[in-house]
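J.: Sharing start.pdb, PDB, C-alpha atoms:
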MODEL        1
ATOM      1  CA  MET A 384      -2.552   6.430   2.674
ATOM      2  CA  LYS A 385      -0.950   8.877   0.278
ATOM      3  CA  LEU A 386       1.017  12.004   1.097
ATOM      4  CA  LYS A 387       2.580  14.600  -1.147
ATOM      5  CA  LEU A 388       6.376  14.599  -1.241
ATOM      6  CA  ILE A 389       6.484  18.114   0.157
ATOM      7  CA  GLU A 390       4.433  16.935   3.180
ATOM      8  CA  LEU A 391       6.799  14.000   3.738
ATOM      9  CA  LEU A 392       9.829  16.273   3.583
ATOM     10  CA  ASN A 393       8.202  18.762   5.968
ATOM     11  CA  MET A 394       7.323  15.988   8.421
ATOM     12  CA  LYS A 395      10.896  14.660   8.241
ATOM     13  CA  TYR A 396      12.320  18.144   8.770
ATOM     14  CA  ASN A 397      10.026  18.699  11.787
ATOM     15  CA  ASN A 398      10.899  15.258  13.242
ATOM     16  CA  TYR A 399       7.316  13.969  12.956
ATOM     17  CA  LEU A 400       8.472  10.693  11.397
ATOM     18  CA  LYS A 401       9.765   7.899  13.596
ATOM     19  CA  GLU A 402      12.684   5.606  12.743
ATOM     20  CA  GLY A 403      11.475   2.838  10.405
ATOM     21  CA  PHE A 404       8.832   4.983   8.640
ATOM     22  CA  LYS A 405       8.259   3.559   5.120
ATOM     23  CA  PHE A 406       6.764   4.832   1.886
ATOM     24  CA  VAL A 407       6.669   3.744  -1.765
ATOM     25  CA  PHE A 408       7.731   6.102  -4.517
ATOM     26  CA  ARG A 409       8.415   5.108  -8.134
ATOM     27  CA  ASP A 410       8.466   1.375  -7.326
ATOM     28  CA  LEU A 411      11.026   1.736  -4.521
ATOM     29  CA  VAL A 412      10.291   1.302  -0.815
ATOM     30  CA  PHE A 413      12.118   3.923   1.248
ATOM     31  CA  THR A 414      12.708   3.544   4.984
ATOM     32  CA  LEU A 415      13.697   6.301   7.421
ATOM     33  CA  LYS A 416      16.968   5.159   8.945
ATOM     34  CA  ASP A 417      19.567   7.366  10.624
ATOM     35  CA  THR A 418      17.649  10.506   9.510
ATOM     36  CA  GLU A 419      17.814   9.465   5.805
ATOM     37  CA  PHE A 420      15.229   7.853   3.521
ATOM     38  CA  LYS A 421      16.982   4.757   2.159
ATOM     39  CA  ALA A 422      15.888   1.986  -0.223
ATOM     40  CA  LYS A 423      17.064  -1.637  -0.009
ATOM     41  CA  ASN A 424      19.180  -1.150  -3.125
ATOM     42  CA  GLY A 425      21.059   1.655  -1.368
ATOM     43  CA  ALA A 426      19.294   4.520  -3.143
ATOM     44  CA  LEU A 427      18.743   7.628  -1.058
ATOM     45  CA  PHE A 428      15.602   9.699  -1.416
ATOM     46  CA  GLY A 429      17.154  13.078  -1.878
ATOM     47  CA  ASN A 430      18.198  15.582  -4.461
ATOM     48  CA  CYS A 431      18.269  13.097  -7.363
ATOM     49  CA  TYR A 432      14.575  12.295  -6.863
ATOM     50  CA  ILE A 433      13.441  15.799  -5.989
ATOM     51  CA  VAL A 434      15.062  17.265  -9.115
ATOM     52  CA  GLU A 435      13.272  14.686 -11.301
ATOM     53  CA  CYS A 436       9.813  15.182  -9.825
ATOM     54  CA  LYS A 437       7.404  17.778  -8.643
ATOM     55  CA  LEU A 438       7.010  18.126  -4.913
ATOM     56  CA  ASP A 439       3.238  17.784  -5.240
ATOM     57  CA  GLU A 440       3.582  14.179  -6.481
ATOM     58  CA  GLU A 441       2.281  11.609  -4.017
ATOM     59  CA  ALA A 442       3.893   8.633  -2.300
ATOM     60  CA  ASN A 443       2.103   5.648  -0.768
ATOM     61  CA  VAL A 444       2.733   5.536   2.986
ATOM     62  CA  LEU A 445       3.168   1.996   4.333
ATOM     63  CA  THR A 446       3.572   2.843   8.033
ATOM     64  CA  PRO A 447       1.201   5.699   8.956
ATOM     65  CA  GLU A 448       1.454   4.647  12.616
ATOM     66  CA  LEU A 449       5.044   5.975  12.609
ATOM     67  CA  ILE A 450       3.887   9.552  11.988
ATOM     68  CA  ASP A 451       4.033  11.448  15.273
ATOM     69  CA  ILE A 452       2.011  14.639  14.897
ATOM     70  CA  ASN A 453       1.138  16.340  18.176
ATOM     71  CA  THR A 454      -2.446  17.490  18.631
ATOM     72  CA  ASP A 455      -1.454  21.158  18.618
ATOM     73  CA  SER A 456      -0.364  20.896  14.996
ATOM     74  CA  ALA A 457      -2.461  22.937  12.567
ATOM     75  CA  THR A 458      -2.210  20.178   9.936
ATOM     76  CA  GLU A 459      -4.234  17.025  10.444
ATOM     77  CA  TYR A 460      -2.874  13.819   8.922
ATOM     78  CA  LYS A 461      -4.988  10.774   8.264
ATOM     79  CA  ARG A 462      -4.043   7.789  10.454
ATOM     80  CA  SER A 463      -6.457   5.131   9.182
ATOM     81  CA  VAL A 464      -7.365   3.357   5.966
ATOM     82  CA  THR A 465     -10.771   4.219   4.530
ATOM     83  CA  LYS A 466     -12.973   2.323   2.086
ATOM     84  CA  GLU A 467     -11.992   4.937  -0.499
ATOM     85  CA  ASP A 468      -8.284   4.171   0.110
ATOM     86  CA  ILE A 469      -8.933   0.454  -0.399
ATOM     87  CA  ASP A 470     -10.947   1.131  -3.566
ATOM     88  CA  ASN A 471      -8.092   3.283  -4.931
ATOM     89  CA  ILE A 472      -5.571   0.519  -4.219
ATOM     90  CA  LEU A 473      -7.796  -2.118  -5.834
ATOM     91  CA  ALA A 474      -8.345   0.090  -8.903
ATOM     92  CA  ASN A 475      -4.586  -0.092  -9.530
ATOM     93  CA  THR A 476      -4.181  -3.764  -8.611
ATOM     94  CA  PHE A 477      -3.510  -6.581 -11.090
ATOM     95  CA  ILE A 478      -5.980  -9.410 -10.392
ATOM     96  CA  LYS A 479      -5.604 -12.978 -11.667
ATOM     97  CA  ALA A 480      -8.229 -15.643 -10.876
ATOM     98  CA  GLU A 481      -7.816 -19.364 -11.541
ATOM     99  CA  LYS A 482      -9.809 -22.529 -10.938
ATOM    100  CA  TYR A 483      -8.031 -25.398  -9.173
ATOM    101  CA  GLY A 484      -9.520 -28.849  -9.220
ATOM    102  CA  ASP A 485     -13.298 -29.115  -9.296
ATOM    103  CA  LYS A 486     -14.256 -26.668  -6.555
ATOM    104  CA  THR A 487     -11.532 -24.149  -5.666
ATOM    105  CA  THR A 488     -10.959 -20.569  -6.815
ATOM    106  CA  ILE A 489      -7.595 -18.871  -6.211
ATOM    107  CA  VAL A 490      -7.189 -15.103  -6.726
ATOM    108  CA  LYS A 491      -3.766 -13.469  -6.837
ATOM    109  CA  ALA A 492      -3.746  -9.684  -6.357
ATOM    110  CA  THR A 493      -0.538  -7.758  -7.109
ATOM    111  CA  LEU A 494      -0.859  -4.387  -5.364
ATOM    112  CA  PRO A 495       0.609  -1.166  -6.807
ATOM    113  CA  ASN A 496       3.478  -1.314  -4.289
ATOM    114  CA  GLY A 497       4.441  -4.836  -5.454
ATOM    115  CA  PHE A 498       2.995  -6.776  -2.533
ATOM    116  CA  VAL A 499       1.060  -9.894  -3.495
ATOM    117  CA  ILE A 500      -2.053 -11.126  -1.690
ATOM    118  CA  ILE A 501      -3.460 -14.579  -2.424
ATOM    119  CA  ALA A 502      -6.952 -15.648  -1.383
ATOM    120  CA  ASP A 503      -8.878 -18.867  -1.896
ATOM    121  CA  SER A 504     -12.465 -20.023  -1.868
ATOM    122  CA  SER A 505     -13.923 -23.516  -2.160
ATOM    123  CA  CYS A 506     -17.330 -25.123  -2.162
ATOM    124  CA  VAL A 507     -18.229 -28.465  -0.594
ATOM    125  CA  ASP A 508     -19.968 -29.963  -3.628
ATOM    126  CA  PRO A 509     -18.295 -29.591  -7.066
ATOM    127  CA  ASN A 510     -21.785 -29.393  -8.602
ATOM    128  CA  ASN A 511     -22.275 -26.060  -6.793
ATOM    129  CA  PHE A 512     -19.033 -24.513  -8.089
ATOM    130  CA  ASP A 513     -19.443 -21.021  -9.569
ATOM    131  CA  MET A 514     -16.251 -19.180 -10.537
ATOM    132  CA  SER A 515     -17.816 -15.706 -10.150
ATOM    133  CA  ILE A 516     -19.001 -16.459  -6.597
ATOM    134  CA  GLY A 517     -15.534 -17.810  -5.773
ATOM    135  CA  GLU A 518     -13.910 -14.636  -7.118
ATOM    136  CA  GLN A 519     -16.289 -12.449  -5.078
ATOM    137  CA  GLU A 520     -15.439 -14.348  -1.880
ATOM    138  CA  CYS A 521     -11.711 -14.085  -2.595
ATOM    139  CA  MET A 522     -11.978 -10.347  -3.275
ATOM    140  CA  LYS A 523     -13.693  -9.856   0.112
ATOM    141  CA  LYS A 524     -10.739 -11.585   1.771
ATOM    142  CA  ILE A 525      -8.253  -9.463  -0.201
ATOM    143  CA  GLU A 526     -10.076  -6.258   0.840
ATOM    144  CA  ASP A 527      -9.891  -7.371   4.473
ATOM    145  CA  LYS A 528      -6.143  -7.990   4.165
ATOM    146  CA  ILE A 529      -5.542  -4.558   2.642
TER     147      ILE A 529
ENDMDL
END
Any chance you could give the structure as structure tokens?

T.:
Amino acid sequence: MKLKLIELLNMKYNNYLKEGFKFVFRDLVFTLKDTEFKAKNGALFGNCYIVECKLDEEANVLTPELIDINTDSATEYKRSVTKEDIDNILANTFIKAEKYGDKTTIVKATLPNGFVIIADSSCVDPNNFDMSIGEQECMKKIEDKI
């Protein structure tokens, strides 16, 4: 799920985000801790980032379940992953497929946020091996994991 930076800041200001909320922006994962967005390297999401970017830029939300919007709110926020979301992630994913042995396909998918998903597919008889079928089966598994 993606949200504009201005929406994230508004949700933080209105206390709609729970402790531990995470999002990815410019290759850094920020976590809400002690009312601040902090990255593992110690960077704070604050004035230095806001000055460099437009507030209508988007960030990838990793923990949508930690958004606490009451039902009376005029703004509705998406709380689930759609097929379109998965397709958008896959469109920006680096895919590498390899054959191992006589009958196994391994696909490594590096997602835009840096996470790596690995899937495998094998056939019983090496004479039936087809790399494209193996890749298709692996991609189904990767979609399910996303």

J.: Kindly indicate which residue among A:Thr493, A:Glu526, A:Thr465, A:Lys482 lies nearest to A:Asp513, using only C-alpha atoms for the distances.

T.: A:Lys482

J.: Show me, as a PDB file with C-alpha atoms, keeping the file's coordinate frame, the residues that have an atom within 7 Å of stretch 388-396 of chain A when counting only C-alpha atoms, minus same-chain residues fewer than 2 positions from it.

T.:
ATOM      1  CA  LEU A 386       1.017  12.004   1.097  1.00  0.00           C
ATOM      2  CA  ASN A 398      10.899  15.258  13.242  1.00  0.00           C
ATOM      3  CA  TYR A 399       7.316  13.969  12.956  1.00  0.00           C
ATOM      4  CA  LEU A 400       8.472  10.693  11.397  1.00  0.00           C
ATOM      5  CA  LEU A 438       7.010  18.126  -4.913  1.00  0.00           C
ATOM      6  CA  ASP A 439       3.238  17.784  -5.240  1.00  0.00           C
ATOM      7  CA  GLU A 440       3.582  14.179  -6.481  1.00  0.00           C
ATOM      8  CA  GLU A 441       2.281  11.609  -4.017  1.00  0.00           C
ATOM      9  CA  ALA A 442       3.893   8.633  -2.300  1.00  0.00           C
TER      10      ALA A 442
END

J.: Take atom CA of A:Gln519 and atom CA of A:Ala474 and report the distance between them in Å, one decimal.

T.: 15.3 Å

J.: Hey, which of A:Ala422, A:Leu494, A:Val444, A:Ile500 ends up closest to A:Leu473? Count all atoms listed in the file.

T.: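 Distance minimum relative to A:Leu473 lands on A:Leu494.
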
J.: What residues come out when you apply the PyMOL selection byres ((chain A and resi 523-525) around 10) to this file, written as a compact mmCIF listing (two decimals) with C-alpha atoms, in the coordinates of the input?

T.:
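The new file expr.txt reads:
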# COMPACT_ATOMS: atom_id res chain seq x y z
CA ILE A 469 -8.93 0.45 -0.40
CA LEU A 473 -7.80 -2.12 -5.83
CA VAL A 490 -7.19 -15.10 -6.73
CA LYS A 491 -3.77 -13.47 -6.84
CA ALA A 492 -3.75 -9.68 -6.36
CA VAL A 499 1.06 -9.89 -3.50
CA ILE A 500 -2.05 -11.13 -1.69
CA ILE A 501 -3.46 -14.58 -2.42
CA ALA A 502 -6.95 -15.65 -1.38
CA ASP A 503 -8.88 -18.87 -1.90
CA SER A 504 -12.46 -20.02 -1.87
CA GLU A 518 -13.91 -14.64 -7.12
CA GLN A 519 -16.29 -12.45 -5.08
CA GLU A 520 -15.44 -14.35 -1.88
CA CYS A 521 -11.71 -14.08 -2.60
CA MET A 522 -11.98 -10.35 -3.28
CA GLU A 526 -10.08 -6.26 0.84
CA ASP A 527 -9.89 -7.37 4.47
CA LYS A 528 -6.14 -7.99 4.16
CA ILE A 529 -5.54 -4.56 2.64

J.: Can you work out the spacing between atom CA of A:Leu411 and atom CA of A:Thr446 in Å, to one decimal?

T.: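 Interatomic distance, atom CA of A:Leu411 to atom CA of A:Thr446: 14.6 Å.
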
J.: Excluding A:Met384 and any residue of its chain fewer than 5 positions from it, enumerate the residues within 7 Å of it, using only C-alpha atoms, and give them as a list in words.

T.: Asn443, Val444, Val464 and Asp468 of chain A

J.: Show which residues sit within 8 Å of stretch 401-406 of chain A, as an mmCIF file with C-alpha atoms, in the coordinates of the input. Count only C-alpha atoms, and ignore same-chain residues fewer than 3 positions away.

T.:
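To be explicit, this is the file written out as selection_14.cif:
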data_model
loop_
_atom_site.group_PDB
_atom_site.id
_atom_site.type_symbol
_atom_site.label_atom_id
_atom_site.label_comp_id
_atom_site.auth_asym_id
_atom_site.auth_seq_id
_atom_site.Cartn_x
_atom_site.Cartn_y
_atom_site.Cartn_z
ATOM 1 C CA ASN A 398 10.899 15.258 13.242
ATOM 2 C CA VAL A 412 10.291 1.302 -0.815
ATOM 3 C CA PHE A 413 12.118 3.923 1.248
ATOM 4 C CA THR A 414 12.708 3.544 4.984
ATOM 5 C CA LEU A 415 13.697 6.301 7.421
ATOM 6 C CA LYS A 416 16.968 5.159 8.945
ATOM 7 C CA ASP A 417 19.567 7.366 10.624
ATOM 8 C CA THR A 418 17.649 10.506 9.510
ATOM 9 C CA ALA A 442 3.893 8.633 -2.300
ATOM 10 C CA ASN A 443 2.103 5.648 -0.768
ATOM 11 C CA VAL A 444 2.733 5.536 2.986
ATOM 12 C CA LEU A 445 3.168 1.996 4.333
ATOM 13 C CA THR A 446 3.572 2.843 8.033
ATOM 14 C CA PRO A 447 1.201 5.699 8.956
ATOM 15 C CA LEU A 449 5.044 5.975 12.609
ATOM 16 C CA ILE A 450 3.887 9.552 11.988
ATOM 17 C CA ASP A 451 4.033 11.448 15.273
#
